[in-house]
Structure formats: structure tokens, C-alpha cells
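The file coords_18.txt contains compact mmCIF, C-alpha atoms:
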# COMPACT_ATOMS: atom_id res chain seq x y z
CA MET R 616 80.46 -74.23 -112.57
CA ALA R 617 77.53 -75.63 -114.55
CA LYS R 618 75.97 -72.16 -114.65
CA LYS R 619 79.21 -70.71 -116.03
CA GLU R 620 79.34 -73.38 -118.74
CA VAL R 621 75.75 -72.63 -119.76
CA LYS R 622 76.64 -68.91 -119.97
CA GLU R 623 79.63 -69.64 -122.21
CA LYS R 624 77.46 -71.78 -124.47
CA LYS R 625 74.88 -68.99 -124.65
CA VAL R 626 77.53 -66.64 -125.98
CA THR R 627 78.54 -69.28 -128.51
CA MET R 628 74.91 -69.69 -129.50
CA GLU R 629 74.65 -65.93 -130.07
CA GLU R 630 77.81 -66.04 -132.13
CA LEU R 631 76.45 -68.94 -134.14
CA ASN R 632 73.21 -67.07 -134.77
CA ARG R 633 75.10 -63.97 -135.84
CA GLU R 634 77.26 -66.00 -138.18
CA LEU R 635 74.19 -67.77 -139.52
CA LYS R 636 72.47 -64.47 -140.26
CA GLY R 637 75.64 -63.30 -142.02
CA TYR R 638 75.64 -66.34 -144.31
CA ILE R 639 71.91 -65.99 -145.03
CA ALA R 640 72.43 -62.34 -145.99
CA GLN R 641 75.37 -63.38 -148.17
CA ILE R 642 73.22 -66.01 -149.94
CA GLU R 643 70.48 -63.41 -150.56
CA ALA R 644 73.00 -60.92 -151.96
CA LEU R 645 74.56 -63.56 -154.20
CA ARG R 646 71.12 -64.68 -155.42
CA ALA R 647 70.28 -61.04 -156.27
CA GLU R 648 73.54 -60.75 -158.25
CA ILE R 649 72.73 -63.98 -160.11
CA ALA R 650 69.26 -62.63 -160.97
CA ILE R 651 70.84 -59.49 -162.46
CA ILE R 652 73.28 -61.61 -164.46
CA ASP R 653 70.39 -63.74 -165.74
CA GLU R 654 68.53 -60.60 -166.84
CA ASN R 655 71.63 -59.35 -168.67
CA ILE R 656 72.12 -62.71 -170.39
CA ALA R 657 68.46 -62.69 -171.46
CA THR R 658 68.89 -59.15 -172.85
CA TYR R 659 71.98 -60.18 -174.81
CA ARG R 660 70.08 -63.17 -176.23
CA THR R 661 67.27 -60.86 -177.33
CA VAL R 662 69.86 -58.64 -179.04
CA ILE R 663 71.29 -61.68 -180.88
CA LYS R 664 67.80 -62.62 -182.03
CA THR R 665 67.08 -59.03 -183.14
CA ILE R 666 70.33 -58.71 -185.10
CA ASN R 667 69.71 -62.03 -186.84
CA ASN R 668 66.05 -61.23 -187.60
CA LEU R 669 66.93 -57.81 -189.02
CA ARG R 670 69.62 -59.35 -191.19
CA ASP R 671 67.14 -61.96 -192.45
CA LEU R 672 64.54 -59.29 -193.22
CA GLY R 673 67.11 -57.23 -195.08
CA LYS R 674 67.66 -53.61 -196.00
CA GLY R 675 64.81 -51.09 -196.40
CA LYS R 676 62.32 -52.61 -193.98
CA ASN R 677 60.17 -50.20 -191.99
CA ILE R 678 60.54 -50.52 -188.24
CA LEU R 679 59.12 -48.79 -185.17
CA ILE R 680 61.53 -47.36 -182.63
CA PRO R 681 60.22 -46.96 -179.07
CA ILE R 682 60.79 -43.43 -177.76
CA GLY R 683 59.25 -44.00 -174.34
CA ALA R 684 55.78 -43.87 -172.79
CA GLY R 685 54.52 -46.38 -175.36
CA ALA R 686 55.17 -44.00 -178.28
CA GLN R 687 57.09 -45.15 -181.33
CA ILE R 688 58.46 -43.51 -184.47
CA GLU R 689 58.79 -45.09 -187.84
CA ALA R 690 62.23 -45.65 -189.30
CA LYS R 691 63.80 -47.58 -192.13
CA ILE R 692 66.62 -50.09 -191.81
CA GLU R 693 69.48 -48.63 -193.82
CA ASN R 694 71.98 -51.37 -193.23
CA PRO R 695 71.20 -54.39 -191.02
CA ASP R 696 74.81 -55.44 -191.21
CA ARG R 697 75.96 -52.40 -189.21
CA VAL R 698 75.32 -52.42 -185.47
CA VAL R 699 76.31 -49.70 -183.01
CA VAL R 700 77.53 -51.31 -179.81
CA SER R 701 78.53 -49.75 -176.49
CA MET R 702 82.22 -50.20 -175.74
CA GLY R 703 82.00 -48.76 -172.25
CA SER R 704 83.02 -45.36 -170.84
CA GLY R 705 80.35 -43.57 -172.88
CA ILE R 706 81.76 -44.67 -176.23
CA SER R 707 79.78 -46.63 -178.81
CA ALA R 708 81.15 -47.86 -182.11
CA GLU R 709 79.83 -49.25 -185.32
CA LEU R 710 80.54 -52.95 -185.79
CA THR R 711 79.55 -55.38 -188.48
CA ALA R 712 76.71 -57.69 -187.40
CA GLU R 713 79.21 -60.58 -187.24
CA GLU R 714 81.59 -58.60 -185.00
CA ALA R 715 78.68 -57.54 -182.79
CA LEU R 716 77.47 -61.14 -182.47
CA THR R 717 81.00 -62.28 -181.58
CA GLN R 718 81.32 -59.57 -178.95
CA ILE R 719 77.92 -60.40 -177.46
CA ALA R 720 78.83 -64.10 -177.36
CA LYS R 721 81.99 -63.17 -175.42
CA GLU R 722 79.95 -61.05 -173.00
CA ILE R 723 77.53 -63.93 -172.45
CA ALA R 724 80.41 -66.34 -171.87
CA SER R 725 82.02 -64.05 -169.28
CA LEU R 726 78.66 -63.52 -167.55
CA GLN R 727 78.10 -67.28 -167.45
CA ALA R 728 81.57 -67.76 -165.95
CA LEU R 729 80.79 -65.14 -163.32
CA ARG R 730 77.43 -66.83 -162.68
CA ARG R 731 79.16 -70.18 -162.09
CA THR R 732 81.53 -68.55 -159.60
CA LEU R 733 78.61 -66.98 -157.75
CA GLU R 734 76.70 -70.30 -157.76
CA GLU R 735 79.74 -71.96 -156.20
CA ALA R 736 79.85 -69.24 -153.55
CA VAL R 737 76.14 -69.82 -152.87
CA ALA R 738 76.74 -73.56 -152.51
CA GLU R 739 79.60 -72.90 -150.08
CA ALA R 740 77.46 -70.49 -148.07
CA TYR R 741 74.62 -73.08 -148.00
CA ALA R 742 77.02 -75.73 -146.73
CA LYS R 743 78.25 -73.33 -144.04
CA THR R 744 74.63 -72.55 -143.10
CA GLU R 745 73.83 -76.25 -142.78
CA GLU R 746 76.94 -76.76 -140.64
CA LEU R 747 76.01 -73.85 -138.38
CA LEU R 748 72.41 -75.05 -138.08
CA GLN R 749 73.67 -78.45 -137.01
CA LYS R 750 75.96 -76.84 -134.42
CA THR R 751 73.06 -74.69 -133.19
CA ARG R 752 70.87 -77.79 -132.78
CA GLU R 753 73.59 -79.64 -130.90
CA LEU R 754 74.23 -76.70 -128.62
CA GLY R 755 70.53 -76.34 -127.97
CA GLN R 756 70.30 -79.99 -126.95
CA GLU R 757 73.34 -79.64 -124.67
CA GLU R 758 71.87 -76.56 -123.09
CA GLY R 759 68.59 -78.36 -122.58
CA LYS R 760 70.34 -81.24 -120.82
CA ALA R 761 72.46 -78.87 -118.67
CA SER R 762 69.44 -76.92 -117.47
CA LYS R 763 67.64 -80.10 -116.30
CA MET J 244 84.40 -41.49 -155.57
CA GLU J 245 86.06 -44.36 -153.75
CA LYS J 246 89.63 -45.36 -154.65
CA ASP J 247 88.50 -48.79 -155.90
CA GLU J 248 85.78 -47.22 -158.00
CA LYS J 249 88.29 -44.87 -159.62
CA GLN J 250 90.64 -47.77 -160.32
CA LEU J 251 87.75 -49.72 -161.87
CA LYS J 252 86.84 -46.74 -164.03
CA LYS J 253 90.45 -46.41 -165.17
CA ILE J 254 90.55 -50.09 -166.16
CA GLN J 255 87.26 -49.68 -168.03
CA ILE J 256 88.58 -46.65 -169.96
CA GLN J 257 91.80 -48.50 -170.82
CA GLU J 258 89.74 -51.43 -172.09
CA THR J 259 87.55 -49.10 -174.18
CA LEU J 260 90.70 -47.50 -175.64
CA ARG J 261 92.03 -50.95 -176.48
CA LEU J 262 88.78 -51.90 -178.23
CA LEU J 263 88.69 -48.56 -180.04
CA ASN J 264 92.25 -49.01 -181.29
CA SER J 265 91.43 -52.48 -182.59
CA LEU J 266 88.67 -51.09 -184.84
CA PRO J 267 89.32 -50.24 -188.48
CA ASP J 268 89.46 -46.47 -189.15
CA ASN J 269 86.32 -46.40 -191.30
CA ARG J 270 83.99 -47.27 -188.39
CA ARG J 271 81.63 -44.66 -186.97
CA VAL J 272 82.19 -43.82 -183.33
CA TYR J 273 79.71 -42.15 -180.99
CA TYR J 274 80.07 -40.38 -177.66
CA ASN J 275 77.26 -40.56 -175.13
CA THR J 276 76.39 -37.07 -173.94
CA GLY J 277 73.71 -38.20 -171.52
CA VAL J 278 70.67 -38.90 -173.66
CA LEU J 279 72.04 -38.52 -177.16
CA LEU J 280 74.90 -40.26 -178.91
CA VAL J 281 77.00 -37.77 -180.85
CA GLU J 282 79.10 -38.95 -183.76
CA VAL J 283 82.78 -38.25 -183.17
CA THR J 284 85.94 -39.29 -184.97
CA LYS J 285 87.99 -42.12 -183.56
CA GLU J 286 90.69 -39.58 -182.63
CA GLU J 287 88.16 -37.37 -180.81
CA ALA J 288 86.86 -40.39 -178.90
CA LYS J 289 90.41 -41.37 -177.91
CA LYS J 290 91.13 -37.79 -176.80
CA LEU J 291 87.96 -37.71 -174.68
CA LEU J 292 88.90 -40.99 -173.02
CA GLN J 293 92.51 -39.88 -172.47
CA GLU J 294 91.29 -36.69 -170.80
CA GLU J 295 88.99 -38.67 -168.54
CA LEU J 296 91.83 -41.04 -167.71
CA GLU J 297 94.18 -38.16 -166.88
CA ALA J 298 91.55 -36.51 -164.68
CA LEU J 299 91.16 -39.79 -162.76
CA GLU J 300 94.94 -40.16 -162.39
CA GLU J 301 95.27 -36.57 -161.12
CA ALA J 302 92.46 -37.14 -158.62
CA GLN J 303 94.20 -40.26 -157.36
CA GLN J 304 97.47 -38.42 -156.66

Whole structure given in C-alpha cells:
Amino acid sequence: MAKKEVKEKKVTMEELNRELKGYIAQIEALRAEIAIIDENIATYRTVIKTINNLRDLGKGKNILIPIGAGAQIEAKIENPDRVVVSMGSGISAELTAEEALTQIAKEIASLQALRRTLEEAVAEAYAKTEELLQKTRELGQEEGKASK
Amino acid sequence: MEKDEKQLKKIQIQETLRLLNSLPDNRRVYYNTGVLLVEVTKEEAKKLLQEELEALEEAQQ
């Protein structure tokens, strides 16, 4: 009888471990998503800074455009108040700097909202992990007692 | 392409069409051909998106 009980607990322990691994993998995946979101937010912030700096510098300034492999070509700013922004599906459109800044602010806001949701999911997964670890410890102790 | 992926692409195209329609007519529009952005008219851009949308809908049926 005692042997049977120990066997049943072993199965439960395996299940707990499997579940635990699942949550850990989930946390890692969520953390990776959050890192990508953070990178995107940082890129958007750089774009905001660039648009504002170019507007401050004004029309006619010489700039260098990177063309890859560290090479750059010289260009002149024709109109810093016109920004071409991707609208998705392979289409880009010219916006005024103000419109572009508004759109970028919206993108940042939606990314931050998504980030908060993912952070909540991470917190939930952490709580579940803690709960499972506690159960694993308890089971381990019970198993230890039963085998004595 | 998975069904969900196609659905996502359709939603994205519809959103792009919505944004495109909200723009004033004097704005320059570009189509990404892979590496280069080619200037197109707003109507051409809408036609390209509609075609893509129709192709996705046909593939889903």
C-alpha cells in the first residue's frame, strides 16, 4: 500500500516537474518578447529624436546616409518637415513631421500596453512557478518520510 | 501560409488601406519592391493592396 502511494506521488512529482519546465519556458519566451518590444520602443525614441533634431537644424543641411558596410553617401535635407513612414503591407507614405511624431507616439503607447500585458503574464507565470516549487518541496518531504 | 497568418495579413492590409484613405491626396506614397521604395500614386497603392487582399481571400476559400 505504502509502495503504491509512493509510486503515485512519483508520477505527480514528474507531472509537477513537467509543468514547472513549461512555466519556465513560458517565462523565457515572454522575456524574449519583452526584450524585442524594448528594442522597438528604443528605435522609435531614436526616430523621434532624429525628426526633432533635423527640424531644429532646418532645411539644406548636409547629412550622411548609411548605405551598409560602414559606407555613407552625402545628401541634403530638402524638407525636414516631411517624413516618409511605413504604413505596413509594403506601403510607405509621406507625413508631416507632426503627423509622424503623433503616429510614433501611438505606436509607443500600444507597445507599452502590450509590454504591460506581457509583464503581467510573466508575474502570473512566476507565481505559478513558486507555487509548483512549493508543492515539489512538500512532495519531496512526504516521499522522504514514506521511504523511511 | 497558416490560416491565422493569412487572417493577420488581411487585417494588416485593411489597416494600411484605412490609413492610406485618411491621408490627404497630395501626399507621396511609396511601394516597397524589396530593397527600393518606388513612388506610386495613392490609387496605385490602393489597387496593389486590394489585389493582395483579393489573392489572400481567394487562397482562403

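A straight line drawn from CA of Ile688 (chain R) to CA of Thr284 (chain J) is 27.8 Å long.
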
For CA of Tyr741 (chain R) and CA of Arg646 (chain R), quote the distance in Å rounded to one decimal.
11.7 Å

Tell me, as a tab-separated table (two decimals) with C-alpha atoms, keeping the file's coordinate frame, which residues lie within 7 Å of region 665-671 of chain R, counting all atoms listed in the file; anything in the same chain fewer than 6 positions away does not count.
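Generated output (around_27.tsv):
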chain	number	residue	atom	x	y	z
R	695	PRO	CA	71.20	-54.39	-191.02
R	696	ASP	CA	74.81	-55.44	-191.21
R	712	ALA	CA	76.71	-57.69	-187.40

Could you check how far CA of Tyr274 (chain J) sits from CA of Arg261 (chain J), in Å to one decimal?
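CA of Tyr274 (chain J) sits 16.0 Å away from CA of Arg261 (chain J).
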
I'd like a table as a tab-separated table: residues in chain J with an atom no more than 7 Å from chain R, each row giving the shortest atom pair and its distance in Å to one decimal, all atoms listed in the file counted, sorted by chain and rising residue number.
residue	atom	partner	partner_atom	distance
J:Gln255	CA	R:Ser704	CA	6.7
J:Ile256	CA	R:Ser704	CA	5.8
J:Thr259	CA	R:Met702	CA	5.7
J:Arg270	CA	R:Glu709	CA	5.5
J:Arg271	CA	R:Glu709	CA	5.2
J:Val272	CA	R:Ala708	CA	4.3
J:Tyr273	CA	R:Ser707	CA	5.0
J:Tyr274	CA	R:Ile706	CA	4.8
J:Asn275	CA	R:Gly705	CA	4.9

12 Å contact set for Glu248 (chain J), only C-alpha atoms, chain neighbours under 5 positions out, as a ChimeraX atom specification
/J:253-255,299,303

Axis-aligned box for region 266-269 of chain J, 8 Å per side, centre and edges in Å as AutoDock Vina command-line options:
--center_x 87.9 --center_y -48.7 --center_z -188.1 --size_x 19.1 --size_y 20.7 --size_z 22.5

Dump as a PyMOL selection string all residues having an atom at most 7 Å from (64.1, -47.6, -190.2), computed in the file's coordinates with all atoms listed in the file.
chain R and resi 676-678+689-693

Calculated over only C-alpha atoms, which of the candidates J:Leu251, J:Ala302, J:Leu266, J:Leu260 has the smallest distance to Ala288 (chain J)?
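The closest residue to Ala288 (chain J) is J:Leu260.
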
Which residue out of J:Lys252, J:Lys285, J:Lys290, J:Glu297 has the minimum interatomic distance to Pro267 (chain J) when all atoms listed in the file are used?
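For Pro267 (chain J), the nearest of the candidates is J:Lys285.
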
Output requested as a PDB file, keeping the file's coordinate frame - region 267-288 of chain J, filled out with N, CA and C atoms.
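Full text of result_26.pdb as output:
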ATOM      1  N   PRO J 267      88.822 -50.891-187.260  1.00  0.00           N
ATOM      2  CA  PRO J 267      89.320 -50.240-188.480  1.00  0.00           C
ATOM      3  C   PRO J 267      88.925 -48.751-188.476  1.00  0.00           C
ATOM      4  N   ASP J 268      89.691 -47.928-189.193  1.00  0.00           N
ATOM      5  CA  ASP J 268      89.460 -46.470-189.150  1.00  0.00           C
ATOM      6  C   ASP J 268      88.138 -46.024-189.761  1.00  0.00           C
ATOM      7  N   ASN J 269      87.540 -46.843-190.619  1.00  0.00           N
ATOM      8  CA  ASN J 269      86.320 -46.400-191.300  1.00  0.00           C
ATOM      9  C   ASN J 269      85.039 -46.579-190.454  1.00  0.00           C
ATOM     10  N   ARG J 270      85.181 -47.029-189.213  1.00  0.00           N
ATOM     11  CA  ARG J 270      83.990 -47.270-188.390  1.00  0.00           C
ATOM     12  C   ARG J 270      83.521 -45.994-187.702  1.00  0.00           C
ATOM     13  N   ARG J 271      82.187 -45.822-187.667  1.00  0.00           N
ATOM     14  CA  ARG J 271      81.630 -44.660-186.970  1.00  0.00           C
ATOM     15  C   ARG J 271      81.736 -44.866-185.467  1.00  0.00           C
ATOM     16  N   VAL J 272      82.053 -43.766-184.793  1.00  0.00           N
ATOM     17  CA  VAL J 272      82.190 -43.820-183.330  1.00  0.00           C
ATOM     18  C   VAL J 272      81.270 -42.758-182.739  1.00  0.00           C
ATOM     19  N   TYR J 273      80.644 -43.075-181.620  1.00  0.00           N
ATOM     20  CA  TYR J 273      79.710 -42.150-180.990  1.00  0.00           C
ATOM     21  C   TYR J 273      80.094 -41.925-179.526  1.00  0.00           C
ATOM     22  N   TYR J 274      79.802 -40.709-179.065  1.00  0.00           N
ATOM     23  CA  TYR J 274      80.070 -40.380-177.660  1.00  0.00           C
ATOM     24  C   TYR J 274      78.743 -40.101-176.976  1.00  0.00           C
ATOM     25  N   ASN J 275      78.519 -40.728-175.846  1.00  0.00           N
ATOM     26  CA  ASN J 275      77.260 -40.560-175.130  1.00  0.00           C
ATOM     27  C   ASN J 275      77.291 -39.283-174.301  1.00  0.00           C
ATOM     28  N   THR J 276      76.399 -38.353-174.656  1.00  0.00           N
ATOM     29  CA  THR J 276      76.390 -37.070-173.940  1.00  0.00           C
ATOM     30  C   THR J 276      75.351 -37.045-172.820  1.00  0.00           C
ATOM     31  N   GLY J 277      74.743 -38.158-172.562  1.00  0.00           N
ATOM     32  CA  GLY J 277      73.710 -38.200-171.520  1.00  0.00           C
ATOM     33  C   GLY J 277      72.493 -38.917-172.057  1.00  0.00           C
ATOM     34  N   VAL J 278      71.838 -38.275-173.020  1.00  0.00           N
ATOM     35  CA  VAL J 278      70.670 -38.900-173.660  1.00  0.00           C
ATOM     36  C   VAL J 278      71.012 -39.249-175.110  1.00  0.00           C
ATOM     37  N   LEU J 279      71.749 -38.341-175.733  1.00  0.00           N
ATOM     38  CA  LEU J 279      72.040 -38.520-177.160  1.00  0.00           C
ATOM     39  C   LEU J 279      73.448 -39.065-177.392  1.00  0.00           C
ATOM     40  N   LEU J 280      73.577 -39.811-178.487  1.00  0.00           N
ATOM     41  CA  LEU J 280      74.900 -40.260-178.910  1.00  0.00           C
ATOM     42  C   LEU J 280      75.349 -39.329-180.028  1.00  0.00           C
ATOM     43  N   VAL J 281      76.487 -38.702-179.848  1.00  0.00           N
ATOM     44  CA  VAL J 281      77.000 -37.770-180.850  1.00  0.00           C
ATOM     45  C   VAL J 281      78.118 -38.449-181.626  1.00  0.00           C
ATOM     46  N   GLU J 282      78.041 -38.327-182.955  1.00  0.00           N
ATOM     47  CA  GLU J 282      79.100 -38.950-183.760  1.00  0.00           C
ATOM     48  C   GLU J 282      80.401 -38.165-183.597  1.00  0.00           C
ATOM     49  N   VAL J 283      81.453 -38.873-183.301  1.00  0.00           N
ATOM     50  CA  VAL J 283      82.780 -38.250-183.170  1.00  0.00           C
ATOM     51  C   VAL J 283      83.765 -39.082-184.005  1.00  0.00           C
ATOM     52  N   THR J 284      84.933 -38.493-184.257  1.00  0.00           N
ATOM     53  CA  THR J 284      85.940 -39.290-184.970  1.00  0.00           C
ATOM     54  C   THR J 284      86.608 -40.211-183.936  1.00  0.00           C
ATOM     55  N   LYS J 285      87.294 -41.192-184.448  1.00  0.00           N
ATOM     56  CA  LYS J 285      87.990 -42.120-183.560  1.00  0.00           C
ATOM     57  C   LYS J 285      89.014 -41.353-182.705  1.00  0.00           C
ATOM     58  N   GLU J 286      89.689 -40.381-183.347  1.00  0.00           N
ATOM     59  CA  GLU J 286      90.690 -39.580-182.630  1.00  0.00           C
ATOM     60  C   GLU J 286      90.043 -38.771-181.509  1.00  0.00           C
ATOM     61  N   GLU J 287      88.879 -38.166-181.820  1.00  0.00           N
ATOM     62  CA  GLU J 287      88.160 -37.370-180.810  1.00  0.00           C
ATOM     63  C   GLU J 287      87.760 -38.257-179.629  1.00  0.00           C
ATOM     64  N   ALA J 288      87.276 -39.454-179.961  1.00  0.00           N
ATOM     65  CA  ALA J 288      86.860 -40.390-178.900  1.00  0.00           C
ATOM     66  C   ALA J 288      88.053 -40.755-178.021  1.00  0.00           C
TER      67      ALA J 288
END
